[in-house]
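Worksheet: one structure, shown below.
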Amino acid sequence: MIEYLSRAKVAEREGLSINTIDGYVRRGYMPDPDARIGRDYELLGQPVLVVDR
């Protein structure tokens, strides 16, 4: 079964807020989504952030 991560799950997993994730998306720090469900994008369940905090 393929596991997708929503913005909220990525934020929770990385210890960040959803607003921070949204900022990363706007700046191009996040990979392109693997799927879209409504307005939210979904990423495959794999490491996605490689940004120094």
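Ligands are numbered from 1 in the order shown, chains are lettered A, B, ... in the order of the structure tokens, and residues start at 1 in each chain.
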**Request:** Apply DSSP to the backbone of this structure and, from chain A, keep only the residues in alpha helix (DSSP H); write these as a VMD selection string.
**Result:** chain A and resid 7 to 14 18 to 27
Serialized selection, all heavy atoms, as a short mmCIF file (atom, residue, chain, number, x, y, z; two decimals), in the first residue's frame:
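Generated output (selection-v2.cif):
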data_model
loop_
_atom_site.label_atom_id
_atom_site.label_comp_id
_atom_site.auth_asym_id
_atom_site.auth_seq_id
_atom_site.Cartn_x
_atom_site.Cartn_y
_atom_site.Cartn_z
N ARG A 7 0.35 17.83 4.25
CA ARG A 7 1.15 18.91 4.84
C ARG A 7 1.18 18.78 6.36
O ARG A 7 2.22 18.97 6.98
CB ARG A 7 0.59 20.28 4.47
CG ARG A 7 0.70 20.64 3.03
CD ARG A 7 0.05 22.00 2.75
NE ARG A 7 -1.30 22.02 3.28
CZ ARG A 7 -1.86 23.05 3.92
NH1 ARG A 7 -1.19 24.15 4.09
NH2 ARG A 7 -3.08 22.98 4.37
N ALA A 8 0.03 18.47 6.94
CA ALA A 8 -0.06 18.35 8.40
C ALA A 8 0.82 17.21 8.92
O ALA A 8 1.50 17.36 9.93
CB ALA A 8 -1.51 18.14 8.82
N LYS A 9 0.83 16.09 8.22
CA LYS A 9 1.66 14.96 8.63
C LYS A 9 3.14 15.26 8.47
O LYS A 9 3.95 14.89 9.31
CB LYS A 9 1.29 13.70 7.84
CG LYS A 9 -0.01 13.09 8.24
CD LYS A 9 0.11 12.47 9.61
CE LYS A 9 -1.18 11.74 9.95
NZ LYS A 9 -1.17 11.24 11.31
N VAL A 10 3.49 15.95 7.38
CA VAL A 10 4.89 16.35 7.19
C VAL A 10 5.30 17.29 8.32
O VAL A 10 6.37 17.13 8.92
CB VAL A 10 5.11 17.01 5.81
CG1 VAL A 10 6.50 17.62 5.71
CG2 VAL A 10 4.88 16.01 4.69
N ALA A 11 4.46 18.27 8.63
CA ALA A 11 4.76 19.22 9.70
C ALA A 11 4.93 18.50 11.03
O ALA A 11 5.90 18.76 11.77
CB ALA A 11 3.65 20.27 9.79
N GLU A 12 4.03 17.60 11.34
CA GLU A 12 4.10 16.84 12.59
C GLU A 12 5.38 16.01 12.66
O GLU A 12 6.09 16.01 13.66
CB GLU A 12 2.87 15.94 12.70
CG GLU A 12 2.84 15.07 13.94
CD GLU A 12 1.65 14.15 13.95
OE1 GLU A 12 0.57 14.52 13.44
OE2 GLU A 12 1.81 13.02 14.44
N ARG A 13 5.66 15.32 11.57
CA ARG A 13 6.84 14.45 11.53
C ARG A 13 8.14 15.23 11.69
O ARG A 13 9.08 14.77 12.30
CB ARG A 13 6.84 13.67 10.22
CG ARG A 13 7.85 12.55 10.20
CD ARG A 13 7.64 11.68 9.00
NE ARG A 13 8.48 12.18 7.93
CZ ARG A 13 8.62 11.58 6.77
NH1 ARG A 13 7.93 10.49 6.51
NH2 ARG A 13 9.41 12.06 5.86
N GLU A 14 8.18 16.44 11.12
CA GLU A 14 9.39 17.26 11.15
C GLU A 14 9.44 18.22 12.34
O GLU A 14 10.41 18.94 12.51
CB GLU A 14 9.53 18.05 9.84
CG GLU A 14 9.65 17.18 8.60
CD GLU A 14 10.90 16.31 8.63
OE1 GLU A 14 11.92 16.73 9.20
OE2 GLU A 14 10.83 15.20 8.07
N ILE A 18 2.37 24.00 10.22
CA ILE A 18 1.88 23.93 8.83
C ILE A 18 2.25 25.21 8.09
O ILE A 18 2.58 25.18 6.91
CB ILE A 18 0.37 23.67 8.79
CG1 ILE A 18 0.09 22.26 9.33
CG2 ILE A 18 -0.18 23.81 7.38
CD1 ILE A 18 -1.38 21.90 9.41
N ASN A 19 2.23 26.35 8.80
CA ASN A 19 2.61 27.61 8.15
C ASN A 19 4.06 27.57 7.67
O ASN A 19 4.38 28.12 6.61
CB ASN A 19 2.42 28.79 9.11
CG ASN A 19 0.96 29.10 9.33
OD1 ASN A 19 0.11 28.80 8.50
ND2 ASN A 19 0.66 29.70 10.47
N THR A 20 4.93 26.95 8.44
CA THR A 20 6.33 26.81 8.02
C THR A 20 6.42 25.96 6.77
O THR A 20 7.14 26.30 5.81
CB THR A 20 7.17 26.20 9.15
OG1 THR A 20 7.10 27.06 10.29
CG2 THR A 20 8.63 26.03 8.72
N ILE A 21 5.68 24.85 6.75
CA ILE A 21 5.66 23.98 5.57
C ILE A 21 5.15 24.76 4.35
O ILE A 21 5.73 24.68 3.27
CB ILE A 21 4.79 22.73 5.80
CG1 ILE A 21 5.37 21.87 6.94
CG2 ILE A 21 4.63 21.92 4.53
CD1 ILE A 21 6.74 21.31 6.68
N ASP A 22 4.08 25.55 4.54
CA ASP A 22 3.56 26.37 3.44
C ASP A 22 4.61 27.34 2.92
O ASP A 22 4.74 27.56 1.71
CB ASP A 22 2.31 27.13 3.88
CG ASP A 22 1.10 26.22 4.06
OD1 ASP A 22 1.12 25.08 3.54
OD2 ASP A 22 0.14 26.65 4.73
N GLY A 23 5.38 27.94 3.84
CA GLY A 23 6.46 28.84 3.43
C GLY A 23 7.52 28.11 2.63
O GLY A 23 8.02 28.63 1.63
N TYR A 24 7.85 26.90 3.06
CA TYR A 24 8.83 26.09 2.32
C TYR A 24 8.32 25.77 0.92
O TYR A 24 9.08 25.78 -0.04
CB TYR A 24 9.13 24.80 3.07
CG TYR A 24 9.97 24.95 4.32
CD1 TYR A 24 10.16 23.87 5.17
CD2 TYR A 24 10.59 26.15 4.66
CE1 TYR A 24 10.92 23.98 6.31
CE2 TYR A 24 11.36 26.28 5.80
CZ TYR A 24 11.52 25.19 6.62
OH TYR A 24 12.29 25.30 7.75
N VAL A 25 7.02 25.50 0.81
CA VAL A 25 6.44 25.20 -0.50
C VAL A 25 6.55 26.44 -1.40
O VAL A 25 6.98 26.34 -2.55
CB VAL A 25 4.96 24.76 -0.36
CG1 VAL A 25 4.27 24.71 -1.72
CG2 VAL A 25 4.87 23.41 0.34
N ARG A 26 6.18 27.62 -0.87
CA ARG A 26 6.25 28.86 -1.66
C ARG A 26 7.68 29.17 -2.12
O ARG A 26 7.89 29.67 -3.22
CB ARG A 26 5.71 30.03 -0.84
CG ARG A 26 4.21 30.10 -0.78
CD ARG A 26 3.73 31.43 -0.20
NE ARG A 26 4.23 31.66 1.14
CZ ARG A 26 3.68 31.21 2.27
NH1 ARG A 26 2.59 30.47 2.21
NH2 ARG A 26 4.21 31.48 3.44
N ARG A 27 8.66 28.86 -1.28
CA ARG A 27 10.05 29.15 -1.62
C ARG A 27 10.69 28.06 -2.48
O ARG A 27 11.84 28.19 -2.89
CB ARG A 27 10.86 29.31 -0.33
CG ARG A 27 10.50 30.56 0.43
CD ARG A 27 11.34 30.67 1.70
NE ARG A 27 10.90 31.76 2.53
CZ ARG A 27 10.05 31.63 3.54
NH1 ARG A 27 9.55 30.47 3.88
NH2 ARG A 27 9.69 32.69 4.24
#
**Complete:** Between atom CA of A:Gly15 and atom CA of A:Pro33 lies a distance of 19.8 Å
**Request:** Tell me, in Å to one decimal, how far atom CA of A:Ile2 is from atom CA of A:Leu44.
**Result:**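 One can read the atom CA of A:Ile2 to atom CA of A:Leu44 distance as 7.3 Å.
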**Asked** What is the atom CA of A:Leu16 to atom CA of A:Met1 distance in Å?
**Response** 26.5 Å
**Message:** For the strand (DSSP E or B) assignment from backbone DSSP, which residues of chain A qualify? Please present them as number ranges by chain.
**Reply:** A: 4-5, 35-37, 40-44
**Request:** Name all residues at most 9 Å from A:Asp34 (count only C-alpha atoms; drop same-chain ones fewer than 3 positions away) and give them as a list in words.
**Result:**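 Counting only the stated atoms, we get Tyr4, Pro31, Tyr41, Glu42, Leu43 and Leu44 of chain A.
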